[in-house]
>>> print(open('target-v1.cif').read())   # mmCIF, C-alpha atoms
data_data
#
loop_
_atom_site.label_atom_id
_atom_site.label_comp_id
_atom_site.auth_asym_id
_atom_site.auth_seq_id
_atom_site.Cartn_x
_atom_site.Cartn_y
_atom_site.Cartn_z
CA MET B 1 -8.05 16.18 22.69
CA ASN B 2 -4.92 17.20 24.64
CA SER B 3 -1.32 16.12 24.16
CA ASN B 4 -1.41 13.79 27.18
CA THR B 5 -4.27 11.81 25.62
CA LEU B 6 -2.38 11.52 22.34
CA ASN B 7 0.79 10.43 24.12
CA ILE B 8 -1.11 7.71 25.98
CA GLN B 9 -2.62 6.53 22.68
CA SER B 10 0.84 6.52 21.11
CA GLN B 11 2.18 4.38 23.97
CA ARG B 12 -0.71 1.93 23.52
CA ARG B 13 -0.01 1.75 19.79
CA ASN B 14 3.65 1.00 20.39
CA SER B 15 2.65 -1.68 22.90
CA ILE B 16 0.35 -3.27 20.32
CA LYS B 17 3.14 -3.27 17.75
CA THR B 18 5.54 -4.89 20.22
CA GLU B 19 3.04 -7.61 21.04
CA SER B 20 2.43 -8.33 17.36
CA LYS B 21 6.17 -8.17 16.60
CA GLN B 22 5.43 -5.67 13.87
CA SER B 23 8.18 -3.13 13.23
CA THR B 24 7.26 -1.98 9.72
CA MET B 25 6.03 1.59 9.52
CA ILE B 26 2.51 1.72 8.11
CA ILE B 27 1.26 4.83 6.32
CA ASP B 28 -2.26 5.14 4.99
CA ALA B 29 -2.00 7.01 1.68
CA TRP B 30 -5.70 7.90 1.43
CA GLY B 31 -7.99 8.72 4.32
CA GLN B 32 -10.35 11.43 5.43
CA HIS B 33 -11.21 12.96 8.76
CA PRO B 34 -14.70 13.91 7.60
CA THR B 35 -16.85 16.89 8.34
CA LEU B 36 -20.58 16.34 8.79
CA ARG B 37 -21.37 18.13 5.53
CA HIS B 38 -18.98 15.74 3.77
CA ILE B 39 -20.09 12.48 5.35
CA GLN B 40 -23.81 13.38 5.20
CA ASP B 41 -23.77 14.59 1.60
CA PRO B 42 -26.49 12.83 -0.44
CA ILE B 43 -23.88 11.92 -3.03
CA PHE B 44 -22.77 9.12 -0.68
CA ASP B 45 -26.24 7.63 -0.21
CA SER B 46 -25.36 4.69 -2.46
CA LEU B 47 -22.32 3.88 -0.30
CA ARG B 48 -24.46 3.83 2.82
CA ARG B 49 -26.23 0.80 1.38
CA TRP B 50 -22.94 -1.09 1.71
CA THR B 51 -21.58 0.15 5.02
CA LYS B 52 -22.75 1.80 8.21
CA ALA B 53 -19.30 3.36 8.58
CA LEU B 54 -20.58 6.45 6.75
CA THR B 55 -23.49 7.04 9.15
CA TYR B 56 -22.69 9.94 11.49
CA SER B 57 -24.97 12.17 13.53
CA GLN B 58 -22.14 14.14 15.16
CA GLN B 59 -18.82 15.49 13.96
CA PRO B 60 -16.21 12.75 14.55
CA THR B 61 -13.38 13.63 16.89
CA ILE B 62 -9.69 13.52 16.14
CA ALA B 63 -9.42 11.01 18.98
CA SER B 64 -11.75 8.62 17.13
CA THR B 65 -9.65 8.77 13.97
CA ILE B 66 -6.43 8.24 15.94
CA ALA B 67 -8.07 5.31 17.72
CA ALA B 68 -8.88 3.76 14.34
CA LEU B 69 -5.22 4.11 13.33
CA ASP B 70 -4.13 2.51 16.58
CA ALA B 71 -6.53 -0.41 16.13
CA GLY B 72 -4.87 -1.17 12.79
CA ASN B 73 -1.30 -0.43 13.97
CA VAL B 74 -1.11 2.37 11.40
CA ASP B 75 1.45 5.07 12.17
CA ARG B 76 0.21 7.95 10.05
CA MET B 77 -2.60 8.76 7.64
CA LEU B 78 -2.71 11.27 4.81
CA ILE B 79 -6.08 13.03 5.07
CA SER B 80 -7.56 14.97 2.22
CA ALA B 81 -9.64 18.05 1.64
CA TRP B 82 -12.64 17.59 -0.65
CA TYR B 83 -13.71 20.22 -3.17
CA GLY B 84 -16.38 19.82 -5.84
CA PRO B 85 -17.87 22.38 -8.23
CA ASN B 86 -18.60 25.41 -6.04
CA LYS B 87 -18.65 23.15 -3.00
CA GLU B 88 -16.34 22.74 0.01
CA MET B 89 -17.04 19.35 1.59
CA ILE B 90 -13.86 19.37 3.67
CA SER B 91 -11.96 22.65 3.36
CA ASN B 92 -8.19 23.05 3.31
CA GLU B 93 -8.44 25.11 6.49
CA GLU B 94 -10.29 22.28 8.23
CA VAL B 95 -7.68 19.72 7.16
CA PHE B 96 -4.96 21.99 8.53
CA ASP B 97 -6.85 22.21 11.83
CA PHE B 98 -7.28 18.42 11.99
CA VAL B 99 -3.60 17.86 11.30
CA SER B 100 -2.62 20.41 13.94
CA GLN B 101 -4.57 18.49 16.59
CA SER B 102 -3.13 15.07 15.73
CA ASN B 103 0.35 15.20 17.26
CA GLY B 104 1.91 14.24 13.93
CA ARG B 105 -0.35 11.27 13.19
CA LEU B 106 -2.27 12.99 10.36
CA ILE B 107 -0.72 14.54 7.25
CA GLY B 108 -2.55 17.02 5.04
CA ILE B 109 -3.46 16.77 1.37
CA GLY B 110 -5.12 19.80 -0.18
CA SER B 111 -7.72 20.16 -2.88
CA VAL B 112 -9.11 22.84 -5.19
CA ASP B 113 -12.18 23.60 -7.25
CA ILE B 114 -11.01 23.30 -10.86
CA THR B 115 -13.99 25.31 -12.11
CA ARG B 116 -12.22 28.38 -10.67
CA PRO B 117 -8.89 28.22 -12.56
CA MET B 118 -7.74 31.71 -11.61
CA LEU B 119 -7.68 30.68 -7.95
CA VAL B 120 -6.03 27.28 -8.41
CA MET B 121 -2.36 28.32 -8.32
CA ARG B 122 -2.87 30.68 -5.41
CA GLU B 123 -4.73 28.08 -3.35
CA ILE B 124 -2.29 25.26 -4.09
CA ARG B 125 0.63 27.48 -3.14
CA ARG B 126 -1.15 28.34 0.12
CA CYS B 127 -1.71 24.64 0.83
CA ILE B 128 1.97 23.86 0.46
CA GLU B 129 3.67 26.95 1.80
CA LYS B 130 1.28 27.89 4.64
CA PHE B 131 -0.27 24.55 5.60
CA ASN B 132 2.70 22.29 4.75
CA PHE B 133 0.47 19.82 2.88
CA LYS B 134 2.24 17.07 0.97
CA ALA B 135 0.08 16.75 -2.16
CA ILE B 136 -3.07 17.93 -3.95
CA ARG B 137 -6.03 15.65 -4.69
CA VAL B 138 -8.81 16.30 -7.21
CA LEU B 139 -11.43 13.67 -8.11
CA PRO B 140 -12.60 13.63 -11.75
CA TRP B 141 -16.01 12.14 -10.94
CA LEU B 142 -16.91 15.07 -8.70
CA PHE B 143 -16.55 17.35 -11.75
CA GLN B 144 -17.74 14.76 -14.30
CA VAL B 145 -14.74 15.37 -16.56
CA PRO B 146 -11.64 13.21 -17.17
CA PRO B 147 -8.19 14.26 -15.89
CA THR B 148 -7.26 15.29 -19.46
CA ASP B 149 -9.80 18.12 -19.28
CA ARG B 150 -8.19 21.54 -19.70
CA ARG B 151 -9.40 22.63 -16.25
CA PHE B 152 -7.04 20.13 -14.62
CA TYR B 153 -3.94 21.50 -16.31
CA PRO B 154 -3.37 24.51 -14.00
CA VAL B 155 -3.33 21.99 -11.13
CA TYR B 156 -0.64 19.95 -12.85
CA VAL B 157 1.46 23.03 -13.55
CA ALA B 158 1.21 24.11 -9.90
CA CYS B 159 2.13 20.63 -8.65
CA CYS B 160 5.15 20.51 -10.94
CA GLU B 161 6.32 23.97 -9.90
CA LEU B 162 5.98 23.12 -6.21
CA ASN B 163 7.36 19.58 -6.66
CA ILE B 164 4.42 17.81 -5.01
CA PRO B 165 2.35 14.80 -6.11
CA PHE B 166 -1.05 15.02 -7.74
CA CYS B 167 -3.48 12.47 -6.29
CA THR B 168 -6.66 11.31 -7.94
CA GLN B 169 -9.17 8.46 -8.19
CA ILE B 170 -9.25 5.74 -10.82
CA GLY B 171 -11.83 3.03 -11.47
CA HIS B 172 -15.56 2.92 -11.10
CA THR B 173 -17.36 5.23 -8.67
CA GLY B 174 -19.29 4.04 -5.65
CA PRO B 175 -21.44 7.20 -5.73
CA LEU B 176 -23.97 7.22 -8.55
CA MET B 177 -21.81 9.30 -10.87
CA PRO B 178 -20.25 8.47 -14.25
CA SER B 179 -17.33 6.05 -13.97
CA GLU B 180 -15.85 6.64 -17.42
CA VAL B 181 -13.85 9.66 -16.20
CA GLY B 182 -11.97 7.26 -13.89
CA ARG B 183 -10.43 5.21 -16.70
CA PRO B 184 -6.72 4.91 -15.82
CA ILE B 185 -5.71 5.31 -19.46
CA TYR B 186 -6.50 9.03 -19.24
CA LEU B 187 -3.48 9.38 -16.96
CA ASP B 188 -1.25 8.13 -19.79
CA GLN B 189 -1.80 11.40 -21.63
CA VAL B 190 -1.38 13.46 -18.46
CA ALA B 191 1.94 11.74 -17.72
CA LEU B 192 3.09 12.34 -21.30
CA ASP B 193 2.21 16.03 -21.09
CA PHE B 194 3.77 16.40 -17.63
CA PRO B 195 6.65 13.90 -17.34
CA ASP B 196 7.87 15.56 -14.13
CA LEU B 197 4.49 15.24 -12.41
CA THR B 198 4.17 12.54 -9.74
CA ILE B 199 0.70 10.97 -9.93
CA VAL B 200 -0.82 8.77 -7.24
CA ALA B 201 -3.93 7.04 -8.56
CA GLY B 202 -6.18 5.70 -5.81
CA HIS B 203 -8.81 2.95 -5.61
CA ILE B 204 -6.78 0.47 -7.78
CA GLY B 205 -8.64 1.25 -11.00
CA TYR B 206 -11.14 -1.62 -10.95
CA PRO B 207 -12.55 -2.79 -13.36
CA TRP B 208 -9.61 -1.42 -15.36
CA THR B 209 -6.84 -2.54 -13.03
CA GLU B 210 -4.75 -3.93 -15.89
CA GLU B 211 -4.97 -0.52 -17.52
CA ALA B 212 -3.75 1.08 -14.29
CA ILE B 213 -0.83 -1.34 -14.09
CA ALA B 214 0.09 -0.62 -17.72
CA VAL B 215 0.16 3.14 -17.11
CA ALA B 216 2.12 2.79 -13.85
CA THR B 217 4.60 0.48 -15.58
CA LYS B 218 5.05 2.82 -18.53
CA HIS B 219 5.57 6.00 -16.53
CA PRO B 220 8.14 6.14 -13.70
CA ASN B 221 6.18 8.80 -11.81
CA VAL B 222 2.76 7.09 -11.79
CA TYR B 223 1.72 5.07 -8.73
CA ILE B 224 -1.33 3.13 -7.53
CA ASP B 225 -2.83 3.12 -4.05
CA THR B 226 -5.15 0.42 -2.72
CA SER B 227 -7.67 2.65 -0.93
CA ALA B 228 -11.36 1.67 -0.89
CA TYR B 229 -10.52 -2.04 -1.21
CA THR B 230 -9.93 -4.71 1.40
CA ILE B 231 -7.15 -7.19 0.70
CA GLN B 232 -9.68 -9.92 -0.08
CA ARG B 233 -10.89 -7.80 -3.02
CA TYR B 234 -7.49 -7.03 -4.58
CA PRO B 235 -7.47 -8.32 -8.17
CA SER B 236 -4.97 -11.11 -8.75
CA THR B 237 -3.23 -9.02 -11.42
CA LEU B 238 -2.54 -6.30 -8.84
CA ILE B 239 -1.16 -8.80 -6.31
CA GLU B 240 1.17 -10.26 -8.94
CA TYR B 241 2.29 -6.74 -9.88
CA MET B 242 3.03 -5.98 -6.21
CA ARG B 243 5.09 -9.15 -5.87
CA THR B 244 7.19 -8.51 -8.99
CA HIS B 245 8.07 -5.40 -11.00
CA GLY B 246 5.50 -3.21 -9.25
CA ARG B 247 6.87 -3.60 -5.74
CA SER B 248 7.91 0.09 -5.63
CA LYS B 249 4.73 1.34 -7.32
CA VAL B 250 1.85 0.39 -5.00
CA LEU B 251 0.93 2.22 -1.78
CA PHE B 252 -1.35 1.03 1.01
CA GLY B 253 -4.54 3.05 1.52
CA THR B 254 -7.92 2.67 3.20
CA ASN B 255 -10.34 5.44 2.21
CA TYR B 256 -11.17 5.76 5.92
CA PRO B 257 -13.81 6.10 7.33
CA MET B 258 -15.39 3.92 4.63
CA ILE B 259 -12.89 1.17 5.51
CA THR B 260 -11.00 1.14 8.80
CA PRO B 261 -7.26 0.44 8.79
CA ALA B 262 -7.75 -2.81 10.71
CA LYS B 263 -10.25 -4.08 8.16
CA ALA B 264 -8.13 -2.91 5.23
CA LEU B 265 -5.10 -4.82 6.56
CA ASP B 266 -6.94 -8.02 7.43
CA GLY B 267 -5.41 -10.84 5.42
CA LEU B 268 -2.09 -9.06 4.79
CA ASN B 269 -0.12 -12.29 5.15
CA ASP B 270 -2.25 -13.86 2.40
CA LEU B 271 -0.65 -11.54 -0.16
CA GLY B 272 2.56 -13.55 0.03
CA LEU B 273 4.83 -10.51 0.01
CA ASP B 274 8.44 -10.92 1.05
CA GLU B 275 9.67 -8.74 3.90
CA LYS B 276 11.15 -6.02 1.69
CA THR B 277 8.12 -5.80 -0.59
CA ARG B 278 5.78 -5.71 2.40
CA ALA B 279 7.71 -2.79 3.90
CA LEU B 280 7.60 -0.92 0.59
CA PHE B 281 3.86 -1.42 0.23
CA LEU B 282 2.93 -0.53 3.80
CA GLY B 283 5.01 2.60 4.21
CA GLN B 284 8.31 3.04 2.41
CA ASN B 285 6.74 3.83 -0.96
CA ALA B 286 4.57 6.50 0.66
CA VAL B 287 7.57 8.01 2.48
CA ARG B 288 9.42 8.29 -0.80
CA VAL B 289 6.54 9.50 -2.99
CA PHE B 290 5.21 12.09 -0.53
CA ARG B 291 8.65 13.05 0.82
CA LEU B 292 7.62 12.43 4.41
#
>>> encode(input="target-v1.cif", output="C-alpha cells")
Amino acid sequence: MNSNTLNIQSQRRNSIKTESKQSTMIIDAWGQHPTLRHIQDPIFDSLRRWTKALTYSQQPTIASTIAALDAGNVDRMLISAWYGPNKEMISNEEVFDFVSQSNGRLIGIGSVDITRPMLVMREIRRCIEKFNFKAIRVLPWLFQVPPTDRRFYPVYVACCELNIPFCTQIGHTGPLMPSEVGRPIYLDQVALDFPDLTIVAGHIGYPWTEEAIAVATKHPNVYIDTSAYTIQRYPSTLIEYMRTHGRSKVLFGTNYPMITPAKALDGLNDLGLDEKTRALFLGQNAVRVFRL
C-alpha cells in the first residue's frame, strides 16, 4: 500500500468524522494485525465457533486493517506482537514492519518469550530503542502461569528501567486454556512489588471484573482496557466505575480482528458518559498511559 492510498483513506476518515460531528480522538489500546500463523493457530479454534472474523486464507493487508479503523472512526491502534513458549506467532520484527507501512495509524507493542529470561532484557530494549514500541505485552494464559511467576519479573524490571507500560490479559480465556492465571488479583502483588510499573490489564477481567476494579482503584498505575468486549457486554460495575472514580483508569480497546472497531463502539451513547469522560475513555487515557 503506497502513501497516496493511505492519504486518500485518511481524507475519507476525516470526512466521516465531520459528517458524524465527532471530534474526539479514538485510540484502540489493544489490536493485532495478524500473521497467518497467528490467526490460523489451532489454539484459536474455540474462538472460531463464535466469530468468522478469525477465518483467513490469506495474509491480511495493512490496507484492510486501516479500512477497519476508518469504518469505526478510530484514529490509531496499538498492535501487539505475540510470543508463546518457544513460539513466535507475530514477531516484533513483523510488528515493526506493519507499523512502518501504516503512515502513523498503527503503533507497536512488543512481546517476549518469558521461558528465555536471559534474552528478555535485550529483546525489550531492542523493541523500545530500535523499533520505538510503546509497551510490552505478555499473556499469562499462553504460558499457563500467573503474572506473579518468577519468569515475569525480568519483564517488569525491564519495563520499569525503560519507563514503559506492561500490558497483559485478565479474565477468563476464550481459547481452551486455564483461566485461573487471569485472575486480576494477581496484579495486586505485582503492583506492590513494582510500584513504578504501569500495568494495562486488558479484556476487563470478567468474571472477576470487580476484582479488576479493586486492583485498579488501589494502585495508581494499574489500568483496565475494554478489548474483546462489545459495549453491550460491559458489566454494569465497569460502566459505573467509568462514570465515577474510574474515569481516568479505563481505556477503549477492541482485540481486532476478533472485534472490529465499528462493532466495539456500537452503543457508545448508551454508556451515558459525559463529554469529558467519553474523551478520556476513547483516547486521552491511552495518550497519557502510553505517552503517545
>>> resolve_selection(input="target-v1.cif", expression="the PyMOL selection byres ((chain B and resi 77-87) around 8)", output="number ranges by chain")
B: 27-33, 38, 69, 74-76, 88-92, 94-95, 105-115, 137-138, 142-143
>>> atom_distance(input="target-v1.cif", atom1="atom CA of Lys134 of chain B", atom2="atom CA of Val287 of chain B")
10.6 Å
>>> closest_residue(input="target-v1.cif", among="B:Met121, B:Val250, B:Ala264, B:Met258", to="Arg288 of chain B", atoms="all atoms listed in the file")
B:Val250
>>> closest_residue(input="target-v1.cif", among="B:Arg150, B:Glu180, B:Ile170, B:Ser227", to="Glu210 of chain B", atoms="all atoms listed in the file")
B:Ile170
>>> resolve_selection(input="target-v1.cif", expression="the PyMOL selection byres ((chain B and resi 164) around 8)", output="ChimeraX atom specification")
/B:134-136,159-160,162-163,165-166,197-198,290
>>> closest_residue(input="target-v1.cif", among="B:Thr237, B:Gln189, B:Ser100, B:Gln40", to="Val215 of chain B", atoms="all atoms listed in the file")
B:Gln189
>>> closest_residue(input="target-v1.cif", among="B:Val157, B:Met118, B:Leu192, B:Leu176", to="Pro42 of chain B", atoms="only C-alpha atoms")
B:Leu176
>>> resolve_selection(input="target-v1.cif", expression="the PyMOL selection byres ((chain B and resi 71) around 9)", output="list in words")
Arg13, Ile16, Ile66, Ala67, Ala68, Leu69, Asp70, Gly72, Asn73, Val74, Thr260, Pro261 and Ala262 of chain B
>>> closest_residue(input="target-v1.cif", among="B:Lys249, B:Gly205, B:Met242, B:Thr230", to="Thr217 of chain B", atoms="all atoms listed in the file")
B:Lys249
>>> residues_around(input="target-v1.cif", residues="Asn285 of chain B", least_positions_apart="4", cutoff="8 Å", atoms="only C-alpha atoms", output="JSON, numbers by chain")
{"B": [248, 249, 250, 251, 280, 281, 289]}
>>> write_last_selection(input="target-v1.cif", atoms="C-alpha atoms", output="compact mmCIF listing (two decimals), in the frame of the given file")
# COMPACT_ATOMS: atom_id res chain seq x y z
CA SER B 248 7.91 0.09 -5.63
CA LYS B 249 4.73 1.34 -7.32
CA VAL B 250 1.85 0.39 -5.00
CA LEU B 251 0.93 2.22 -1.78
CA LEU B 280 7.60 -0.92 0.59
CA PHE B 281 3.86 -1.42 0.23
CA VAL B 289 6.54 9.50 -2.99
>>> closest_residue(input="target-v1.cif", among="B:Thr55, B:Thr277, B:Thr173, B:Thr24", to="Ala228 of chain B", atoms="only C-alpha atoms")
B:Thr173
>>> atom_distance(input="target-v1.cif", atom1="atom CA of Asp193 of chain B", atom2="atom CA of Pro147 of chain B")
11.8 Å
>>> residues_near_point(input="target-v1.cif", point="(-14.2, -3.8, -1.1)", cutoff="12 Å", atoms="only C-alpha atoms", output="JSON, numbers by chain")
{"B": [47, 50, 51, 174, 203, 204, 206, 226, 227, 228, 229, 230, 231, 232, 233, 234, 235, 254, 255, 258, 259, 260, 263, 264, 265, 266]}
>>> atom_distance(input="target-v1.cif", atom1="atom CA of Val181 of chain B", atom2="atom CA of Trp141 of chain B")
6.2 Å
>>> decode(input="target-v1.cif", residues="segment 134-146 of chain B", atoms="all heavy atoms", output="PDB file, in the first residue's frame")
ATOM      1  N   LYS B 134       5.816   1.155  22.228  1.00  0.00           N
ATOM      2  CA  LYS B 134       5.350   1.944  23.362  1.00  0.00           C
ATOM      3  C   LYS B 134       5.066   1.122  24.614  1.00  0.00           C
ATOM      4  O   LYS B 134       4.750   1.689  25.667  1.00  0.00           O
ATOM      5  CB  LYS B 134       4.089   2.715  22.969  1.00  0.00           C
ATOM      6  CG  LYS B 134       4.311   3.705  21.822  1.00  0.00           C
ATOM      7  CD  LYS B 134       5.394   4.724  22.148  1.00  0.00           C
ATOM      8  CE  LYS B 134       5.591   5.718  21.014  1.00  0.00           C
ATOM      9  NZ  LYS B 134       6.689   6.674  21.304  1.00  0.00           N
ATOM     10  N   ALA B 135       5.131  -0.197  24.522  1.00  0.00           N
ATOM     11  CA  ALA B 135       4.841  -1.052  25.678  1.00  0.00           C
ATOM     12  C   ALA B 135       5.275  -2.474  25.339  1.00  0.00           C
ATOM     13  O   ALA B 135       5.673  -2.774  24.210  1.00  0.00           O
ATOM     14  CB  ALA B 135       3.358  -1.019  26.029  1.00  0.00           C
ATOM     15  N   ILE B 136       5.174  -3.350  26.345  1.00  0.00           N
ATOM     16  CA  ILE B 136       5.417  -4.784  26.173  1.00  0.00           C
ATOM     17  C   ILE B 136       4.185  -5.522  26.680  1.00  0.00           C
ATOM     18  O   ILE B 136       3.641  -5.194  27.741  1.00  0.00           O
ATOM     19  CB  ILE B 136       6.661  -5.238  26.966  1.00  0.00           C
ATOM     20  CG1 ILE B 136       7.916  -4.570  26.402  1.00  0.00           C
ATOM     21  CG2 ILE B 136       6.796  -6.759  26.937  1.00  0.00           C
ATOM     22  CD1 ILE B 136       8.288  -4.974  24.982  1.00  0.00           C
ATOM     23  N   ARG B 137       3.751  -6.529  25.917  1.00  0.00           N
ATOM     24  CA  ARG B 137       2.595  -7.333  26.332  1.00  0.00           C
ATOM     25  C   ARG B 137       2.990  -8.801  26.420  1.00  0.00           C
ATOM     26  O   ARG B 137       3.589  -9.348  25.492  1.00  0.00           O
ATOM     27  CB  ARG B 137       1.425  -7.171  25.358  1.00  0.00           C
ATOM     28  CG  ARG B 137       0.233  -8.072  25.709  1.00  0.00           C
ATOM     29  CD  ARG B 137      -0.983  -7.801  24.828  1.00  0.00           C
ATOM     30  NE  ARG B 137      -1.625  -6.547  25.188  1.00  0.00           N
ATOM     31  CZ  ARG B 137      -1.867  -5.553  24.335  1.00  0.00           C
ATOM     32  NH1 ARG B 137      -1.522  -5.675  23.073  1.00  0.00           N
ATOM     33  NH2 ARG B 137      -2.449  -4.449  24.747  1.00  0.00           N
ATOM     34  N   VAL B 138       2.643  -9.435  27.536  1.00  0.00           N
ATOM     35  CA  VAL B 138       2.826 -10.877  27.716  1.00  0.00           C
ATOM     36  C   VAL B 138       1.532 -11.423  28.316  1.00  0.00           C
ATOM     37  O   VAL B 138       0.990 -10.850  29.277  1.00  0.00           O
ATOM     38  CB  VAL B 138       4.019 -11.212  28.634  1.00  0.00           C
ATOM     39  CG1 VAL B 138       4.187 -12.719  28.752  1.00  0.00           C
ATOM     40  CG2 VAL B 138       5.305 -10.571  28.114  1.00  0.00           C
ATOM     41  N   LEU B 139       1.043 -12.532  27.763  1.00  0.00           N
ATOM     42  CA  LEU B 139      -0.238 -13.105  28.183  1.00  0.00           C
ATOM     43  C   LEU B 139      -0.004 -14.325  29.068  1.00  0.00           C
ATOM     44  O   LEU B 139       0.551 -15.333  28.619  1.00  0.00           O
ATOM     45  CB  LEU B 139      -1.053 -13.516  26.951  1.00  0.00           C
ATOM     46  CG  LEU B 139      -1.227 -12.429  25.887  1.00  0.00           C
ATOM     47  CD1 LEU B 139      -2.086 -12.943  24.736  1.00  0.00           C
ATOM     48  CD2 LEU B 139      -1.819 -11.165  26.484  1.00  0.00           C
ATOM     49  N   PRO B 140      -0.433 -14.280  30.325  1.00  0.00           N
ATOM     50  CA  PRO B 140      -0.201 -15.404  31.235  1.00  0.00           C
ATOM     51  C   PRO B 140      -0.748 -16.734  30.732  1.00  0.00           C
ATOM     52  O   PRO B 140      -0.114 -17.779  30.924  1.00  0.00           O
ATOM     53  CB  PRO B 140      -0.901 -14.955  32.522  1.00  0.00           C
ATOM     54  CG  PRO B 140      -0.839 -13.457  32.482  1.00  0.00           C
ATOM     55  CD  PRO B 140      -1.024 -13.114  31.032  1.00  0.00           C
ATOM     56  N   TRP B 141      -1.915 -16.722  30.082  1.00  0.00           N
ATOM     57  CA  TRP B 141      -2.514 -17.998  29.675  1.00  0.00           C
ATOM     58  C   TRP B 141      -1.694 -18.720  28.616  1.00  0.00           C
ATOM     59  O   TRP B 141      -1.729 -19.954  28.541  1.00  0.00           O
ATOM     60  CB  TRP B 141      -3.961 -17.807  29.228  1.00  0.00           C
ATOM     61  CG  TRP B 141      -4.184 -16.989  27.991  1.00  0.00           C
ATOM     62  CD1 TRP B 141      -4.516 -15.668  27.932  1.00  0.00           C
ATOM     63  CD2 TRP B 141      -4.134 -17.445  26.627  1.00  0.00           C
ATOM     64  NE1 TRP B 141      -4.667 -15.265  26.627  1.00  0.00           N
ATOM     65  CE2 TRP B 141      -4.446 -16.338  25.808  1.00  0.00           C
ATOM     66  CE3 TRP B 141      -3.873 -18.672  26.035  1.00  0.00           C
ATOM     67  CZ2 TRP B 141      -4.489 -16.420  24.415  1.00  0.00           C
ATOM     68  CZ3 TRP B 141      -3.915 -18.764  24.646  1.00  0.00           C
ATOM     69  CH2 TRP B 141      -4.213 -17.643  23.853  1.00  0.00           C
ATOM     70  N   LEU B 142      -0.937 -17.965  27.809  1.00  0.00           N
ATOM     71  CA  LEU B 142      -0.097 -18.617  26.805  1.00  0.00           C
ATOM     72  C   LEU B 142       0.993 -19.464  27.471  1.00  0.00           C
ATOM     73  O   LEU B 142       1.436 -20.470  26.917  1.00  0.00           O
ATOM     74  CB  LEU B 142       0.553 -17.573  25.902  1.00  0.00           C
ATOM     75  CG  LEU B 142      -0.255 -17.105  24.690  1.00  0.00           C
ATOM     76  CD1 LEU B 142       0.452 -15.951  23.994  1.00  0.00           C
ATOM     77  CD2 LEU B 142      -0.487 -18.255  23.712  1.00  0.00           C
ATOM     78  N   PHE B 143       1.416 -19.042  28.662  1.00  0.00           N
ATOM     79  CA  PHE B 143       2.480 -19.750  29.386  1.00  0.00           C
ATOM     80  C   PHE B 143       1.936 -20.592  30.525  1.00  0.00           C
ATOM     81  O   PHE B 143       2.689 -21.317  31.180  1.00  0.00           O
ATOM     82  CB  PHE B 143       3.499 -18.733  29.907  1.00  0.00           C
ATOM     83  CG  PHE B 143       4.180 -17.954  28.822  1.00  0.00           C
ATOM     84  CD1 PHE B 143       3.649 -16.759  28.366  1.00  0.00           C
ATOM     85  CD2 PHE B 143       5.340 -18.431  28.227  1.00  0.00           C
ATOM     86  CE1 PHE B 143       4.264 -16.049  27.341  1.00  0.00           C
ATOM     87  CE2 PHE B 143       5.968 -17.722  27.209  1.00  0.00           C
ATOM     88  CZ  PHE B 143       5.428 -16.536  26.766  1.00  0.00           C
ATOM     89  N   GLN B 144       0.640 -20.470  30.792  1.00  0.00           N
ATOM     90  CA  GLN B 144      -0.049 -21.220  31.835  1.00  0.00           C
ATOM     91  C   GLN B 144       0.556 -20.987  33.220  1.00  0.00           C
ATOM     92  O   GLN B 144       0.623 -21.890  34.054  1.00  0.00           O
ATOM     93  CB  GLN B 144      -0.085 -22.716  31.493  1.00  0.00           C
ATOM     94  CG  GLN B 144      -0.805 -23.002  30.184  1.00  0.00           C
ATOM     95  CD  GLN B 144      -1.030 -24.485  29.940  1.00  0.00           C
ATOM     96  OE1 GLN B 144      -1.675 -25.157  30.749  1.00  0.00           O
ATOM     97  NE2 GLN B 144      -0.511 -24.991  28.838  1.00  0.00           N
ATOM     98  N   VAL B 145       0.971 -19.741  33.455  1.00  0.00           N
ATOM     99  CA  VAL B 145       1.456 -19.335  34.779  1.00  0.00           C
ATOM    100  C   VAL B 145       0.906 -17.944  35.067  1.00  0.00           C
ATOM    101  O   VAL B 145       0.678 -17.149  34.142  1.00  0.00           O
ATOM    102  CB  VAL B 145       2.997 -19.319  34.872  1.00  0.00           C
ATOM    103  CG1 VAL B 145       3.562 -20.729  34.730  1.00  0.00           C
ATOM    104  CG2 VAL B 145       3.614 -18.384  33.838  1.00  0.00           C
ATOM    105  N   PRO B 146       0.666 -17.611  36.333  1.00  0.00           N
ATOM    106  CA  PRO B 146       0.139 -16.285  36.674  1.00  0.00           C
ATOM    107  C   PRO B 146       1.224 -15.220  36.548  1.00  0.00           C
ATOM    108  O   PRO B 146       2.425 -15.533  36.501  1.00  0.00           O
ATOM    109  CB  PRO B 146      -0.309 -16.453  38.130  1.00  0.00           C
ATOM    110  CG  PRO B 146       0.598 -17.507  38.674  1.00  0.00           C
ATOM    111  CD  PRO B 146       0.818 -18.465  37.536  1.00  0.00           C
TER     112      PRO B 146
END
